[in-house]
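Worksheet: the structure to be examined is printed underneath.
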Amino acid sequence: MNTITKNIVLTPFNLLYKISPELELKWMFRLKQGYKLNLKDPKTFNEKLQWIKLYDRNEWMPKCCDKYAVREYVTKMGCENTLNTLYWDGTDPDQIPYDELPDQFVIKVTHGSTFNIIVTDKAKLNKNEVKSKLNQWLKAKFIPCYGEWFYGKVPPRIIVEQYLEDGHGNDLYDYKVFCFNGKAKLVDVHSGRYGEHRRNVYDLDWNFLPVHFKYENFEGVEKPEVFDELIATAERLSSEFHHARVDFFIVNNRIYFGEITFTNGAGFDHITPYSFDLEMGSWLELESVKK
């Protein structure tokens with residue numbers, strides 16, 4: 001279901017969110033998670049993500065949710081060496097300098113997680129289709145009733161970045177480091193992002209954890225040689241926030257920053273078993289809880 005269709009289906013929730021964000025998120029949470037949202041004394045990880053959406057107004061959050069603006073934050077935190085090569089940025093698809101680009105690159109719209117066009121052969125690229133997609137994506141708005149106020153605050157742009165690959169034509173693993181109050185606790189590894197999507201969760205000793213967030217498990221992956229650097233970088237980038245999931249790719253033992261997410265799955269992904277949702281919640285301290 002695309003964003004436009006979702007917004008139509010969720011119109012009653014969008015209207016209620018304008019009147020009472022707390023009440024709307026309580027209803028949405030009950031429908032999605034199957035249990036009552038407790039904002040006065042949140043216990044589970046997903047409950048605490050709702051608290052963050054309602055009460056955390058960290059000024060860096062909107063910038064860090066934008067794929068172009070976040071580069072300023074990554075540089076500020078001394079991690080600019082992890083930034084991917086930026087070939088071009090702008091707001092007009094007609095201005096993309098295709099003649100100056102290499103044969104492979106990635107085009108992204110900066111305010112969405114799925115607004116990506118992967119180009120592996122520039123000669124086969126249909127530029128009219130690209131223009132149509134980009135113009136549509138630039139107009140896309142986030143769904144209000146999910147409560148993620150920090151998305152869409154920065155005007156969207158188009159960026160063109162280096163295409164990352166492992167040299168063997170294989171899909172790169174996506175390493176998502178979950179940090180709580182600036183400390184990493186687990187790594188969520190995604191495989192087959194553009195095919196059969198799978199994910200495994202590991203602790204910091206690289207023990208596989210038999211838990212599920214959304215997708216099924218896959219065969220497994222070895223602990224990266226640059227694991228210590230990965231964790232240190234994630235903790236540095238998360239240090240300004242209550243919670244942050246910091247995503248990376250690894251190519252030839254070099255770490256590349258992907259994105260920062262503050263509310264994984266908008267706090268609506270089912271975490272099984274439920275006891276692990278509680279355990280993750282225990283890792284996250286909120287300096288004040290609304291009473």
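By convention here, the chains of the structure tokens are called A, B, ... in the order presented, each chain's residues are numbered starting at 1, and ligands are numbered starting at 1 in the order presented.
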Interface rows for range 121-218 of chain A against range 229-243 of chain A: nearest pair, Å to one decimal, 9 Å, only C-alpha atoms, as JSON lines:
{"residue": "A:Tyr175", "atom": "CA", "partner": "A:Leu230", "partner_atom": "CA", "distance": 8.9}
{"residue": "A:Val177", "atom": "CA", "partner": "A:Ala234", "partner_atom": "CA", "distance": 6.5}
{"residue": "A:Phe178", "atom": "CA", "partner": "A:His243", "partner_atom": "CA", "distance": 7.7}
{"residue": "A:Cys179", "atom": "CA", "partner": "A:His243", "partner_atom": "CA", "distance": 5.8}
{"residue": "A:Phe180", "atom": "CA", "partner": "A:His243", "partner_atom": "CA", "distance": 4.8}
{"residue": "A:Asn181", "atom": "CA", "partner": "A:His242", "partner_atom": "CA", "distance": 4.8}
{"residue": "A:Gly182", "atom": "CA", "partner": "A:Ser239", "partner_atom": "CA", "distance": 4.2}
{"residue": "A:Lys183", "atom": "CA", "partner": "A:Glu235", "partner_atom": "CA", "distance": 5.6}
{"residue": "A:Ala184", "atom": "CA", "partner": "A:Glu235", "partner_atom": "CA", "distance": 6.1}
{"residue": "A:Val187", "atom": "CA", "partner": "A:Ile231", "partner_atom": "CA", "distance": 9.0}
{"residue": "A:Leu204", "atom": "CA", "partner": "A:Ile231", "partner_atom": "CA", "distance": 8.6}
| said: I'd like to know which residues of range 135-273 of chain A are alpha helix (DSSP H) (by DSSP, run on the backbone); could you write them as a VMD selection string? | reply: chain A and resid 135 to 139 227 to 238
Go ahead and save the residues from that selection, with all heavy atoms, as a tab-separated table (two decimals), in the first residue's frame.
chain	number	residue	atom	x	y	z
A	135	ASN	N	9.66	13.32	-9.12
A	135	ASN	CA	8.66	14.38	-8.91
A	135	ASN	C	7.54	13.90	-8.00
A	135	ASN	O	7.02	14.67	-7.17
A	135	ASN	CB	8.09	14.83	-10.26
A	135	ASN	CG	9.02	15.78	-10.99
A	135	ASN	OD1	9.74	16.55	-10.38
A	135	ASN	ND2	9.01	15.72	-12.32
A	136	GLN	N	7.15	12.63	-8.14
A	136	GLN	CA	6.11	12.06	-7.28
A	136	GLN	C	6.62	11.95	-5.84
A	136	GLN	O	5.92	12.33	-4.89
A	136	GLN	CB	5.70	10.68	-7.79
A	136	GLN	CG	4.62	10.01	-6.95
A	136	GLN	CD	4.26	8.62	-7.47
A	136	GLN	OE1	4.82	8.15	-8.45
A	136	GLN	NE2	3.34	7.97	-6.79
A	137	TRP	N	7.83	11.46	-5.67
A	137	TRP	CA	8.39	11.28	-4.33
A	137	TRP	C	8.61	12.61	-3.62
A	137	TRP	O	8.41	12.71	-2.40
A	137	TRP	CB	9.71	10.52	-4.41
A	137	TRP	CG	9.56	9.08	-4.79
A	137	TRP	CD1	8.41	8.34	-4.77
A	137	TRP	CD2	10.58	8.21	-5.26
A	137	TRP	NE1	8.66	7.05	-5.18
A	137	TRP	CE2	9.99	6.94	-5.49
A	137	TRP	CE3	11.95	8.35	-5.52
A	137	TRP	CZ2	10.71	5.84	-5.96
A	137	TRP	CZ3	12.67	7.27	-6.00
A	137	TRP	CH2	12.06	6.03	-6.21
A	138	LEU	N	9.02	13.64	-4.35
A	138	LEU	CA	9.26	14.94	-3.74
A	138	LEU	C	8.00	15.52	-3.12
A	138	LEU	O	8.06	16.32	-2.18
A	138	LEU	CB	9.83	15.91	-4.77
A	138	LEU	CG	11.30	15.72	-5.15
A	138	LEU	CD1	11.65	16.57	-6.38
A	138	LEU	CD2	12.23	16.07	-3.98
A	139	LYS	N	6.85	15.11	-3.64
A	139	LYS	CA	5.56	15.62	-3.14
A	139	LYS	C	5.01	14.76	-1.99
A	139	LYS	O	4.04	15.15	-1.35
A	139	LYS	CB	4.53	15.65	-4.27
A	139	LYS	CG	4.90	16.59	-5.40
A	139	LYS	CD	3.89	16.47	-6.54
A	139	LYS	CE	4.27	17.35	-7.73
A	139	LYS	NZ	3.35	17.17	-8.87
A	227	PHE	N	34.19	-4.64	13.56
A	227	PHE	CA	33.06	-4.58	14.48
A	227	PHE	C	33.26	-3.52	15.57
A	227	PHE	O	32.35	-2.75	15.88
A	227	PHE	CB	32.84	-5.95	15.12
A	227	PHE	CG	31.67	-6.01	16.05
A	227	PHE	CD1	30.38	-6.04	15.55
A	227	PHE	CD2	31.85	-6.02	17.43
A	227	PHE	CE1	29.28	-6.08	16.40
A	227	PHE	CE2	30.76	-6.07	18.28
A	227	PHE	CZ	29.47	-6.10	17.77
A	228	ASP	N	34.44	-3.48	16.16
A	228	ASP	CA	34.69	-2.52	17.25
A	228	ASP	C	34.52	-1.08	16.74
A	228	ASP	O	33.95	-0.23	17.44
A	228	ASP	CB	36.07	-2.72	17.83
A	228	ASP	CG	36.20	-4.02	18.63
A	228	ASP	OD1	35.15	-4.60	18.98
A	228	ASP	OD2	37.34	-4.45	18.89
A	229	GLU	N	35.00	-0.82	15.55
A	229	GLU	CA	34.86	0.52	14.96
A	229	GLU	C	33.39	0.81	14.67
A	229	GLU	O	32.92	1.95	14.88
A	229	GLU	CB	35.67	0.62	13.67
A	229	GLU	CG	35.60	1.98	13.00
A	229	GLU	CD	36.32	2.02	11.66
A	229	GLU	OE1	37.00	1.02	11.30
A	229	GLU	OE2	36.19	3.04	10.96
A	230	LEU	N	32.67	-0.20	14.21
A	230	LEU	CA	31.24	-0.06	13.92
A	230	LEU	C	30.48	0.37	15.18
A	230	LEU	O	29.69	1.32	15.15
A	230	LEU	CB	30.68	-1.39	13.40
A	230	LEU	CG	29.22	-1.42	13.01
A	230	LEU	CD1	29.03	-0.82	11.62
A	230	LEU	CD2	28.68	-2.86	13.02
A	231	ILE	N	30.74	-0.32	16.27
A	231	ILE	CA	30.05	-0.02	17.53
A	231	ILE	C	30.46	1.36	18.06
A	231	ILE	O	29.60	2.14	18.49
A	231	ILE	CB	30.35	-1.11	18.59
A	231	ILE	CG1	29.82	-2.47	18.11
A	231	ILE	CG2	29.74	-0.72	19.92
A	231	ILE	CD1	28.34	-2.50	17.80
A	232	ALA	N	31.74	1.68	18.01
A	232	ALA	CA	32.20	2.97	18.51
A	232	ALA	C	31.59	4.12	17.72
A	232	ALA	O	31.20	5.15	18.29
A	232	ALA	CB	33.73	3.03	18.45
A	233	THR	N	31.48	3.94	16.40
A	233	THR	CA	30.90	4.99	15.55
A	233	THR	C	29.41	5.14	15.84
A	233	THR	O	28.90	6.27	15.94
A	233	THR	CB	31.10	4.65	14.07
A	233	THR	OG1	32.50	4.43	13.81
A	233	THR	CG2	30.60	5.78	13.18
A	234	ALA	N	28.71	4.02	15.99
A	234	ALA	CA	27.28	4.08	16.31
A	234	ALA	C	27.05	4.78	17.63
A	234	ALA	O	26.12	5.60	17.76
A	234	ALA	CB	26.70	2.66	16.33
A	235	GLU	N	27.85	4.46	18.63
A	235	GLU	CA	27.68	5.08	19.95
A	235	GLU	C	27.96	6.58	19.90
A	235	GLU	O	27.27	7.37	20.55
A	235	GLU	CB	28.57	4.38	20.97
A	235	GLU	CG	28.11	2.96	21.28
A	235	GLU	CD	28.88	2.29	22.39
A	235	GLU	OE1	30.02	2.74	22.69
A	235	GLU	OE2	28.37	1.33	22.99
A	236	ARG	N	28.95	6.97	19.12
A	236	ARG	CA	29.24	8.40	19.00
A	236	ARG	C	28.07	9.14	18.35
A	236	ARG	O	27.65	10.20	18.81
A	236	ARG	CB	30.51	8.62	18.19
A	236	ARG	CG	30.85	10.10	17.99
A	236	ARG	CD	32.14	10.29	17.22
A	236	ARG	NE	33.30	9.80	17.98
A	236	ARG	CZ	34.56	9.92	17.56
A	236	ARG	NH1	34.82	10.50	16.40
A	236	ARG	NH2	35.55	9.47	18.30
A	237	LEU	N	27.52	8.56	17.29
A	237	LEU	CA	26.43	9.22	16.56
A	237	LEU	C	25.12	9.19	17.35
A	237	LEU	O	24.24	10.03	17.12
A	237	LEU	CB	26.24	8.57	15.20
A	237	LEU	CG	27.37	8.81	14.19
A	237	LEU	CD1	27.17	7.99	12.93
A	237	LEU	CD2	27.48	10.29	13.84
A	238	SER	N	24.97	8.25	18.27
A	238	SER	CA	23.73	8.14	19.04
A	238	SER	C	23.77	8.93	20.34
A	238	SER	O	22.75	9.05	21.04
A	238	SER	CB	23.43	6.68	19.37
A	238	SER	OG	24.35	6.18	20.34
| Those of range 23-227 of chain A in DSSP strand (DSSP E), formatted as number ranges by chain | A: 86-90, 105-109, 116-119, 158-162, 174-180, 183-191, 198-203, 208-209
| Within 7 Å of Tyr163 in chain A, counting only C-alpha atoms, which residues qualify if same-chain residues fewer than 5 places away don't, as a PyMOL selection string? | chain A and resi 104-106
| message | List as a ChimeraX atom specification the protein and nucleic acid residues near Glu161 in chain A, meaning an atom at most 10 Å away when only C-alpha atoms are counted, but skip any in the same chain fewer than 5 places from it. | response | /A:83-89,101,104-108,118
Same residues, C-alpha atoms, output as a PDB file, in the first residue's frame:
ATOM      1  CA  LEU A  83      29.957   9.413   4.620  1.00  0.00           C
ATOM      2  CA  ASN A  84      29.385   8.042   1.154  1.00  0.00           C
ATOM      3  CA  THR A  85      30.581  10.045  -1.854  1.00  0.00           C
ATOM      4  CA  LEU A  86      28.003  12.646  -2.862  1.00  0.00           C
ATOM      5  CA  TYR A  87      27.985  13.277  -6.619  1.00  0.00           C
ATOM      6  CA  TRP A  88      25.153  15.817  -6.787  1.00  0.00           C
ATOM      7  CA  ASP A  89      22.251  17.315  -4.856  1.00  0.00           C
ATOM      8  CA  LEU A 101      28.056  10.584 -13.457  1.00  0.00           C
ATOM      9  CA  GLN A 104      26.731   3.112 -11.515  1.00  0.00           C
ATOM     10  CA  PHE A 105      25.177   5.327  -8.844  1.00  0.00           C
ATOM     11  CA  VAL A 106      22.157   5.664  -6.557  1.00  0.00           C
ATOM     12  CA  ILE A 107      19.505   8.394  -6.735  1.00  0.00           C
ATOM     13  CA  LYS A 108      17.586   9.166  -3.545  1.00  0.00           C
ATOM     14  CA  ILE A 118      19.693   2.003  -7.933  1.00  0.00           C
TER      15      ILE A 118
END
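Between Asn207 in chain A and the candidates A:Gly90, A:Gly195, A:Gly34, A:Gly220, the tightest atom-to-atom separation, counting only C-alpha atoms, involves A:Gly220.
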